[in-house]
Amino acid sequence: MGNNSCRQNAALCCERVANFFGPQKNTYVRISLPAVCFVWQIAMVVLFGVFIRYDEESAARWVITRRERNLTDIENDFYFRYPSFQDVHVMIFVGFGFLMTFLKRYSFGGVGFAFLISAFGLQWALVMQGWLHHLNPANGKITIGVENLINADFNCAGSLIAMGALLGKVSPVQLMVVTLFGVTLFAIEEFVILTLLHCRDAGGSMVIHCFGGYYGLAISWVLYRPNLHLSKRLHGSVYHSDVFAMIGTLFLWMFWPSFNSAITDHGDGQHRAAINTYLALASCVLTTVAISSMSQKRGKLDMVHIQNATLAGGVAMGTAAEFEITPYGALIVGFLSGIISTFGYLYVSPFLEKYLKLQDTCGIHNLHALPGLLGGFIGAIVAAGASEAVYTREGLVNVFDFEGQFANRTTGTQGGFQAAGTCVALAVGLIGGVCVGFILRFPIWADPADDNCFDDEAYWEVPEDEETLLPVLEYNNHMLHKHQDISESNFSIDQS
């Protein structure tokens with residue numbers, strides 16, 4: 001009797017643990033989602049009230065500052081940075097959002113949840129980055145201007161990238177948690193890489209793409225769903241969803257030169273970053289199309305490759321964008337990025353899912369994580385090879401900011417620190433992602449069951465399809481009869 005009692009107690013304990021981390025799911029978010037949104041937004045109001053103030057170029061006393069420094073309004077940083085801010089803002093809210101609409105029944109979730117976490121993330125980013133970079137120890141205040149808005153959008157990009165690996169498998173409350181920790185970790189690793197290690201990473205190959213990619217992949221690995229095949233019917237695209245996703249691709253592709261050059265130095269640095277990114281993106285498209293066509297027996301193109309791998313050149317060029325990599329060097333970076341990213345979608349993603357149990361909905365490993373890692377090491381190589389013969393001494397000081405305590409740093413040493421920065425981004429992304437993943441395993445987040453993933457109906461009021469169903473069926477029947485008529489016509493011709 002004693003042994004049976006022990007076994008029953010042990011079984012009951014195991015059952016409770018299994019239930020705690022187990023598959024029972026309830027997508028009811030009427031309490032949790034409003035609570036998170038209201039409480040966290042109120043917290044932002046309080047934090048902004050305590051810490052955030054306008055900087056000298058956006059405050060009303062600019063008229064005095066302008067007069068004292070003999071400046072004009074056109075020299076206000078707003079007029080230099082705002083066009084780039086507009087482009088980056090469009091990338092965050094339109095580009096990333098629409099890129100995630102490729103799933104046949106998860107377009108609301110893709111663009112809507114990207115909107116939600118970006119709106120929260122940019123506020124939290126202004127606070128976190130302000131504490132680490134812009135806090136005035138004299139008065140305890142953080143001053144913000146247009147460049148801070150760009151950096152906050154960059155921070156949000158890391159969480160949006162992570163969302164790509166989790167798309168359709170988590171609740172909006174979980175995505176808010178991912179963003180809360182993602183923005184925090186981003187601000188910390190950015191501070192370590194850019195300030196303590198003094199790395200250069202204008203377009204964020206390291207701090208944005210490498211970190212965001214591996215952060216999302218680590219979370220997805222911890223949240224592995226063994227029965228995700230039950231939602232396989234919805235884990236794919238249809239014609240119109242791929243078209244909408246391609247809109248996101250084109251917005252990202254067009255504005256990526258602005259993304260990589262937005263916070264570089266005025267003048268030659270910003271000019272060079274835009275040129276290098278422009279060329280890398282163009283080169284990437286051709287190699288992506290080539291590999292995609294070669295991978296199919298009849299040479300047909302796969303829309304997944306065109307939507308994603310064509311952007312890898314912009315990711316890989318991020319760190320080295322402001323360096324003198326030369327125009328043909330930028331083309332080479334894009335050339336290699338398109339090949340690596342497309343091969344990733346063809347072979348690496350299936351391998352990761354089969355052997356490492358890593359379910360990556362959008363393939364962020366191939367678009368962000370791996371090209372970001374590549375871009376970080378490309379930046380290290382280009383920095384180590386920089387010379388006064390090419391840059392001039394003044395150019396080296398300007399590009400790599402060899403001033404103050406870093407005045408005696410050599411380009412070779414800089415290259416070593418650039419490589420170390422890439423490793424820091426990778427480590428913070430993986431370790432942070434694993435920790436956040438275990439937090440998200442608690443059964444309190446209202447995430448969908450394995451047979452209810454990739455479906456907007458779990459969290460959205462979805463319009464009825466009956467009105468559009470009949471015309472679609474009618475069109476399909478029309479096309480079916482058309483093909484039959486063509487076949488019969490061909491058969492008649494053959495007979496004659």
# chains A, B, ... in the order shown; residues from 1 in each chain; ligands from 1

$ residues_around --residues "range 426-431 of chain A" --least-positions-apart "6" --cutoff "7 Å" --atoms "only C-alpha atoms" --output "list in words"
Glu189, Cys210, Phe211, Gly212, Tyr214, Tyr215 and Ala218 of chain A

$ residues_around --residues "Asp302 in chain A" --least-positions-apart "2" --cutoff "12 Å" --atoms "only C-alpha atoms" --output "ChimeraX atom specification"
/A:237,242,288-300,304-310,342,345-346

$ closest_residue --among "A:Ala420, A:Val94, A:Val183, A:Ala282" --to "Tyr328 in chain A" --atoms "only C-alpha atoms"
A:Ala282

$ residues_around --residues "Thr65 in chain A" --least-positions-apart "4" --cutoff "8 Å" --atoms "only C-alpha atoms" --output "VMD selection string"
chain A and resid 56 61 69

$ write_last_selection --atoms "N, CA, C and O atoms" --output "mmCIF file, in the first residue's frame"
data_model
loop_
_atom_site.group_PDB
_atom_site.id
_atom_site.type_symbol
_atom_site.label_atom_id
_atom_site.label_comp_id
_atom_site.auth_asym_id
_atom_site.auth_seq_id
_atom_site.Cartn_x
_atom_site.Cartn_y
_atom_site.Cartn_z
ATOM 1 N N GLU A 56 18.010 70.328 -26.472
ATOM 2 C CA GLU A 56 18.141 71.766 -26.729
ATOM 3 C C GLU A 56 17.673 72.166 -28.123
ATOM 4 O O GLU A 56 17.301 73.316 -28.349
ATOM 5 N N ARG A 61 13.540 76.984 -25.946
ATOM 6 C CA ARG A 61 14.657 77.911 -25.809
ATOM 7 C C ARG A 61 15.669 77.769 -26.948
ATOM 8 O O ARG A 61 16.754 78.354 -26.902
ATOM 9 N N ARG A 69 24.831 80.656 -30.364
ATOM 10 C CA ARG A 69 25.815 79.891 -31.141
ATOM 11 C C ARG A 69 25.903 80.350 -32.596
ATOM 12 O O ARG A 69 26.587 79.705 -33.399
#

$ residues_around --residues "Leu336 in chain A" --least-positions-apart "3" --cutoff "8 Å" --atoms "only C-alpha atoms" --output "list in words"
Cys284, Thr287, Ile332, Val333, Ile339 and Ile340 of chain A

$ closest_residue --among "A:Gln86, A:Trp460, A:Thr195, A:Val29" --to "Phe113 in chain A" --atoms "only C-alpha atoms"
A:Trp460

$ closest_atom_pairs --of "range 327-376 of chain A" --to "range 95-105 of chain A" --cutoff "12 Å" --atoms "only C-alpha atoms" --output "tab-separated table"
residue	atom	partner	partner_atom	distance
A:Thr361	CA	A:Leu103	CA	9.4
A:Cys362	CA	A:Met100	CA	7.4
A:Gly363	CA	A:Met100	CA	10.9
A:Ile364	CA	A:Met100	CA	11.1
A:Leu367	CA	A:Leu99	CA	11.9

$ write_last_selection --atoms "all heavy atoms" --output "PDB file, in the first residue's frame"
ATOM      1  N   THR A 361       8.998  30.451 -38.006  1.00  0.00           N
ATOM      2  CA  THR A 361       7.877  30.705 -38.916  1.00  0.00           C
ATOM      3  C   THR A 361       8.293  31.501 -40.143  1.00  0.00           C
ATOM      4  O   THR A 361       7.985  31.140 -41.285  1.00  0.00           O
ATOM      5  CB  THR A 361       6.751  31.468 -38.190  1.00  0.00           C
ATOM      6  OG1 THR A 361       6.365  30.752 -37.029  1.00  0.00           O
ATOM      7  CG2 THR A 361       5.551  31.632 -39.106  1.00  0.00           C
ATOM      8  N   CYS A 362       8.993  32.623 -39.942  1.00  0.00           N
ATOM      9  CA  CYS A 362       9.345  33.515 -41.053  1.00  0.00           C
ATOM     10  C   CYS A 362      10.736  33.255 -41.623  1.00  0.00           C
ATOM     11  O   CYS A 362      11.130  33.924 -42.578  1.00  0.00           O
ATOM     12  CB  CYS A 362       9.271  34.976 -40.596  1.00  0.00           C
ATOM     13  SG  CYS A 362       7.611  35.541 -40.198  1.00  0.00           S
ATOM     14  N   GLY A 363      11.470  32.335 -41.050  1.00  0.00           N
ATOM     15  CA  GLY A 363      12.828  32.098 -41.528  1.00  0.00           C
ATOM     16  C   GLY A 363      13.784  33.215 -41.168  1.00  0.00           C
ATOM     17  O   GLY A 363      14.651  33.587 -41.963  1.00  0.00           O
ATOM     18  N   ILE A 364      13.671  33.763 -39.947  1.00  0.00           N
ATOM     19  CA  ILE A 364      14.530  34.888 -39.571  1.00  0.00           C
ATOM     20  C   ILE A 364      15.997  34.489 -39.473  1.00  0.00           C
ATOM     21  O   ILE A 364      16.875  35.344 -39.560  1.00  0.00           O
ATOM     22  CB  ILE A 364      14.072  35.536 -38.249  1.00  0.00           C
ATOM     23  CG1 ILE A 364      14.232  34.565 -37.069  1.00  0.00           C
ATOM     24  CG2 ILE A 364      12.647  36.035 -38.351  1.00  0.00           C
ATOM     25  CD1 ILE A 364      14.077  35.231 -35.717  1.00  0.00           C
ATOM     26  N   LEU A 367      17.275  35.421 -42.983  1.00  0.00           N
ATOM     27  CA  LEU A 367      17.204  36.818 -43.381  1.00  0.00           C
ATOM     28  C   LEU A 367      17.939  37.735 -42.415  1.00  0.00           C
ATOM     29  O   LEU A 367      18.560  38.711 -42.843  1.00  0.00           O
ATOM     30  CB  LEU A 367      15.736  37.263 -43.499  1.00  0.00           C
ATOM     31  CG  LEU A 367      15.493  38.759 -43.745  1.00  0.00           C
ATOM     32  CD1 LEU A 367      16.262  39.255 -44.960  1.00  0.00           C
ATOM     33  CD2 LEU A 367      14.016  39.047 -43.881  1.00  0.00           C
TER      34      LEU A 367
END
